[in-house]
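What follows is a single structure, written as structure tokens, with notes after it.
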Amino acid sequence: MTVTSIAPPRTTKYKVTGARVLRSEWGKFWSLRSSWITLAVAVFLLVLFGTIASYTYSAGATAAGGPPGASGGDSDAVSLALTGVTFASLAVGVLGVLLSAGEYSTGMIRSTLSAVPRRLPVLWAKAAVIGPIALVLTTLGALAAFGLGSPGLDGESISLSLGDDGVLRSLAGAGLYLGLVAVFGVALGVLLRNSAGAIASLVGILLILPGLASLLPDSWNDTLSPYFPGNAGQAVYALHQSSGALSPGAGIAVFAGWVALALAGAAFRLRRADV
């Protein structure tokens with residue numbers, strides 16, 4: 001009797017590369033319905049509040065007598081159009097948290113890190129996916145808010161056009177800031193590994209911390225406050241800098257530094273801690 005040997009089936013080995021990890025994270029991002037919904041909400045809030053603030057602006061109104069951004073004071077057409085940046089930042093920040101911390105909640109992170117044993121490419125890919133997406137969409141939202149709100153300011157002294165000095169820089173700065181907020185959310189999600197905790201930290205750092213600065217002695221407040229993440233971020237898209245605030249270039253450098261610090265902490269924990 002002749003015994004015929006059966007060759008084992010051939011298996012194709014795929015090398016884990018940065019491009020393949022990026023493609024995987026891109027697919028995971030767009031396969032989640034929450035990604036579409038949250039991005040749409042962020043852009044909608046940006047356009048909605050900016051348009052409403054422009055149409056309800058009254059030169060004689062006081063800050064306490066009108067909606068956010070609709071007071072005379074130091075308002076300008078750009079600040080009114082970007083009234084919704086705070087709300088949009090919460091939306092894209094939460095999306096960043098869910099993109100990273102959500103995998104720890106579902107246990108999917110084990111499969112992800114089994115496929116990518118070096119781990120860090122996963123963090124870089126998540127940041128590289130959500131950052132540019134948030135930047136592009138929110139920049140378009142800022143432009144839309146400005147364009148839709150401009151007719152409501154016809155005849156007002158604060159009316160501006162896209163060609164005026166600093167307008168495009170401010171609108172693009174809003175998109176850049178929101179893109180970095182999304183990356184900040186990813187970093188916090190990986191660092192804390194808990195969606196609720198990371199979202200609470202995001203809100204506290206961006207919104208509550210600047211308010212707590214008022215409890216500091218005046219000399220400390222004036223020195224430290226401009227370097228808090230939320231205040232540095234606001235300097236990025238402000239058309240006119242208030243006294244003591246950072247310039248747009250310094251603001252983006254400081255806020256990017258905070259994001260880099262959070263990413264470094266997330267990378268350290270991702271490499272050192274078990275999942």
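Chain lettering (A, B, ...) mirrors the order of the structure tokens, residue numbering begins at 1 for each chain separately, and ligand numbering begins at 1 in order of display.
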Contacts of stretch 106-120 of chain A at 7 Å (only C-alpha atoms; same-chain gap of 4+ positions) as a PDB file with all heavy atoms, in the first residue's frame:
ATOM      1  N   VAL A  16       2.709  43.144  10.129  1.00  0.00           N
ATOM      2  CA  VAL A  16       1.987  44.265  10.726  1.00  0.00           C
ATOM      3  C   VAL A  16       2.748  45.549  10.411  1.00  0.00           C
ATOM      4  O   VAL A  16       3.893  45.730  10.836  1.00  0.00           O
ATOM      5  CB  VAL A  16       1.850  44.091  12.248  1.00  0.00           C
ATOM      6  CG1 VAL A  16       1.148  45.301  12.855  1.00  0.00           C
ATOM      7  CG2 VAL A  16       1.081  42.823  12.569  1.00  0.00           C
ATOM      8  N   GLY A 102     -13.618  52.859  24.635  1.00  0.00           N
ATOM      9  CA  GLY A 102     -14.702  51.937  24.310  1.00  0.00           C
ATOM     10  C   GLY A 102     -14.216  50.521  24.087  1.00  0.00           C
ATOM     11  O   GLY A 102     -14.925  49.552  24.402  1.00  0.00           O
ATOM     12  N   TRP A 124      -1.203  55.491  17.859  1.00  0.00           N
ATOM     13  CA  TRP A 124      -0.896  56.474  16.806  1.00  0.00           C
ATOM     14  C   TRP A 124      -1.941  56.427  15.700  1.00  0.00           C
ATOM     15  O   TRP A 124      -2.332  57.484  15.169  1.00  0.00           O
ATOM     16  CB  TRP A 124       0.486  56.233  16.219  1.00  0.00           C
ATOM     17  CG  TRP A 124       1.607  56.097  17.202  1.00  0.00           C
ATOM     18  CD1 TRP A 124       2.670  55.253  17.110  1.00  0.00           C
ATOM     19  CD2 TRP A 124       1.806  56.818  18.433  1.00  0.00           C
ATOM     20  NE1 TRP A 124       3.504  55.391  18.193  1.00  0.00           N
ATOM     21  CE2 TRP A 124       3.002  56.346  19.018  1.00  0.00           C
ATOM     22  CE3 TRP A 124       1.087  57.815  19.096  1.00  0.00           C
ATOM     23  CZ2 TRP A 124       3.497  56.829  20.225  1.00  0.00           C
ATOM     24  CZ3 TRP A 124       1.570  58.298  20.299  1.00  0.00           C
ATOM     25  CH2 TRP A 124       2.752  57.821  20.853  1.00  0.00           C
ATOM     26  N   ALA A 267       0.796  56.386  25.979  1.00  0.00           N
ATOM     27  CA  ALA A 267       1.741  55.449  25.383  1.00  0.00           C
ATOM     28  C   ALA A 267       2.482  54.661  26.454  1.00  0.00           C
ATOM     29  O   ALA A 267       2.685  53.445  26.325  1.00  0.00           O
ATOM     30  CB  ALA A 267       2.733  56.208  24.497  1.00  0.00           C
ATOM     31  N   LEU A 270       0.051  52.152  27.945  1.00  0.00           N
ATOM     32  CA  LEU A 270      -0.279  51.111  26.968  1.00  0.00           C
ATOM     33  C   LEU A 270       0.835  50.083  26.871  1.00  0.00           C
ATOM     34  O   LEU A 270       0.573  48.890  26.717  1.00  0.00           O
ATOM     35  CB  LEU A 270      -0.544  51.760  25.602  1.00  0.00           C
ATOM     36  CG  LEU A 270      -1.058  50.835  24.491  1.00  0.00           C
ATOM     37  CD1 LEU A 270      -2.393  50.227  24.858  1.00  0.00           C
ATOM     38  CD2 LEU A 270      -1.170  51.623  23.184  1.00  0.00           C
ATOM     39  N   ARG A 271       2.087  50.543  26.947  1.00  0.00           N
ATOM     40  CA  ARG A 271       3.222  49.636  26.838  1.00  0.00           C
ATOM     41  C   ARG A 271       3.463  48.866  28.121  1.00  0.00           C
ATOM     42  O   ARG A 271       3.844  47.685  28.078  1.00  0.00           O
ATOM     43  CB  ARG A 271       4.479  50.428  26.472  1.00  0.00           C
ATOM     44  CG  ARG A 271       4.578  50.852  25.028  1.00  0.00           C
ATOM     45  CD  ARG A 271       4.749  49.661  24.089  1.00  0.00           C
ATOM     46  NE  ARG A 271       5.955  48.914  24.398  1.00  0.00           N
ATOM     47  CZ  ARG A 271       7.135  49.154  23.846  1.00  0.00           C
ATOM     48  NH1 ARG A 271       7.257  50.150  22.960  1.00  0.00           N
ATOM     49  NH2 ARG A 271       8.175  48.427  24.148  1.00  0.00           N
ATOM     50  N   VAL A 275      -3.767  44.586  29.785  1.00  0.00           N
ATOM     51  CA  VAL A 275      -5.113  44.987  29.382  1.00  0.00           C
ATOM     52  C   VAL A 275      -6.156  44.115  30.064  1.00  0.00           C
ATOM     53  O   VAL A 275      -7.333  44.387  29.970  1.00  0.00           O
ATOM     54  CB  VAL A 275      -5.279  44.901  27.856  1.00  0.00           C
ATOM     55  CG1 VAL A 275      -4.331  45.898  27.200  1.00  0.00           C
ATOM     56  CG2 VAL A 275      -5.022  43.497  27.345  1.00  0.00           C
TER      57      VAL A 275
END
DSSP alpha helix (DSSP H) selection over stretch 43-209 of chain A, as number ranges by chain
A: 43-55, 77-81, 85-106, 108-115, 120-149, 167-192, 195-203, 209
Could you take the residues named above and write them with C-alpha atoms, as a compact mmCIF listing (two decimals), in the first residue's frame?
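Now in selection.txt:
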# COMPACT_ATOMS: atom_id res chain seq x y z
CA VAL A 43 -20.86 70.09 13.18
CA PHE A 44 -24.57 70.75 13.73
CA LEU A 45 -23.96 72.43 17.10
CA LEU A 46 -21.14 74.49 15.65
CA VAL A 47 -23.32 75.76 12.80
CA LEU A 48 -26.51 76.13 14.85
CA PHE A 49 -25.13 78.16 17.75
CA GLY A 50 -22.95 80.29 15.50
CA THR A 51 -25.86 81.17 13.24
CA ILE A 52 -28.24 81.88 16.11
CA ALA A 53 -25.68 84.09 17.88
CA SER A 54 -25.16 86.13 14.71
CA TYR A 55 -28.86 86.66 14.05
CA ALA A 77 -18.46 88.41 13.60
CA VAL A 78 -15.94 85.61 14.11
CA SER A 79 -16.53 85.20 17.86
CA LEU A 80 -20.27 85.02 17.20
CA ALA A 81 -19.81 82.43 14.44
CA VAL A 85 -16.99 75.71 19.58
CA THR A 86 -17.36 74.79 23.26
CA PHE A 87 -20.26 72.43 22.52
CA ALA A 88 -18.50 70.98 19.47
CA SER A 89 -15.35 70.38 21.54
CA LEU A 90 -17.33 68.26 23.97
CA ALA A 91 -18.76 66.20 21.11
CA VAL A 92 -15.45 65.50 19.35
CA GLY A 93 -13.66 64.97 22.66
CA VAL A 94 -16.22 62.40 23.76
CA LEU A 95 -15.90 60.72 20.36
CA GLY A 96 -12.15 60.44 20.88
CA VAL A 97 -12.67 58.91 24.31
CA LEU A 98 -15.17 56.37 22.99
CA LEU A 99 -12.86 55.43 20.13
CA SER A 100 -10.16 54.37 22.59
CA ALA A 101 -11.73 53.64 25.98
CA GLY A 102 -14.70 51.94 24.31
CA GLU A 103 -12.48 49.01 23.33
CA TYR A 104 -11.55 48.48 26.97
CA SER A 105 -15.22 48.43 27.94
CA THR A 106 -16.10 45.79 25.34
CA MET A 108 -12.09 44.26 22.03
CA ILE A 109 -8.76 45.76 23.04
CA ARG A 110 -7.41 42.24 23.66
CA SER A 111 -8.05 41.26 20.06
CA THR A 112 -6.62 44.54 18.81
CA LEU A 113 -3.38 44.17 20.77
CA SER A 114 -3.09 40.49 19.86
CA ALA A 115 -3.07 41.56 16.21
CA LEU A 120 1.89 51.78 20.21
CA PRO A 121 0.91 51.76 16.50
CA VAL A 122 -2.69 51.30 17.68
CA LEU A 123 -2.56 54.55 19.65
CA TRP A 124 -0.90 56.47 16.81
CA ALA A 125 -3.39 55.10 14.28
CA LYS A 126 -6.42 56.07 16.38
CA ALA A 127 -5.06 59.60 16.77
CA ALA A 128 -4.19 59.80 13.06
CA VAL A 129 -7.71 58.75 12.08
CA ILE A 130 -9.84 60.96 14.27
CA GLY A 131 -7.65 64.07 14.33
CA PRO A 132 -7.76 64.92 10.60
CA ILE A 133 -11.41 63.90 10.29
CA ALA A 134 -12.45 66.22 13.14
CA LEU A 135 -10.21 68.99 11.78
CA VAL A 136 -11.68 68.91 8.27
CA LEU A 137 -15.34 68.56 9.24
CA THR A 138 -15.29 71.16 12.00
CA THR A 139 -13.38 73.63 9.81
CA LEU A 140 -16.13 73.26 7.23
CA GLY A 141 -18.65 73.72 10.04
CA ALA A 142 -16.94 76.91 11.20
CA LEU A 143 -16.93 78.27 7.65
CA ALA A 144 -20.62 77.37 7.31
CA ALA A 145 -21.47 79.08 10.61
CA PHE A 146 -19.69 82.23 9.52
CA GLY A 147 -21.27 82.19 6.07
CA LEU A 148 -24.80 81.56 7.33
CA GLY A 149 -24.49 84.11 10.12
CA VAL A 167 -10.91 85.82 9.65
CA LEU A 168 -9.78 82.71 7.76
CA ARG A 169 -7.01 82.15 10.29
CA SER A 170 -9.52 82.18 13.15
CA LEU A 171 -11.97 79.84 11.42
CA ALA A 172 -9.20 77.42 10.46
CA GLY A 173 -7.82 77.72 14.00
CA ALA A 174 -11.16 76.56 15.39
CA GLY A 175 -10.95 73.43 13.25
CA LEU A 176 -7.35 72.82 14.30
CA TYR A 177 -8.26 73.21 17.96
CA LEU A 178 -11.18 70.79 17.65
CA GLY A 179 -9.02 68.26 15.82
CA LEU A 180 -6.54 68.36 18.69
CA VAL A 181 -9.38 68.02 21.22
CA ALA A 182 -10.41 64.78 19.49
CA VAL A 183 -6.83 63.47 19.79
CA PHE A 184 -6.80 64.61 23.42
CA GLY A 185 -9.90 62.48 23.99
CA VAL A 186 -8.18 59.44 22.47
CA ALA A 187 -5.19 59.94 24.77
CA LEU A 188 -7.34 60.29 27.89
CA GLY A 189 -9.31 57.19 26.93
CA VAL A 190 -6.16 55.07 26.65
CA LEU A 191 -4.63 56.61 29.75
CA LEU A 192 -7.65 56.10 32.03
CA SER A 195 -15.12 56.06 29.32
CA ALA A 196 -16.90 57.86 32.16
CA GLY A 197 -13.67 58.81 33.91
CA ALA A 198 -12.03 60.02 30.70
CA ILE A 199 -15.07 62.11 29.69
CA ALA A 200 -15.24 63.66 33.17
CA SER A 201 -11.52 64.46 32.98
CA LEU A 202 -11.95 66.00 29.54
CA VAL A 203 -14.75 68.27 30.74
CA LEU A 209 -10.14 74.20 35.25
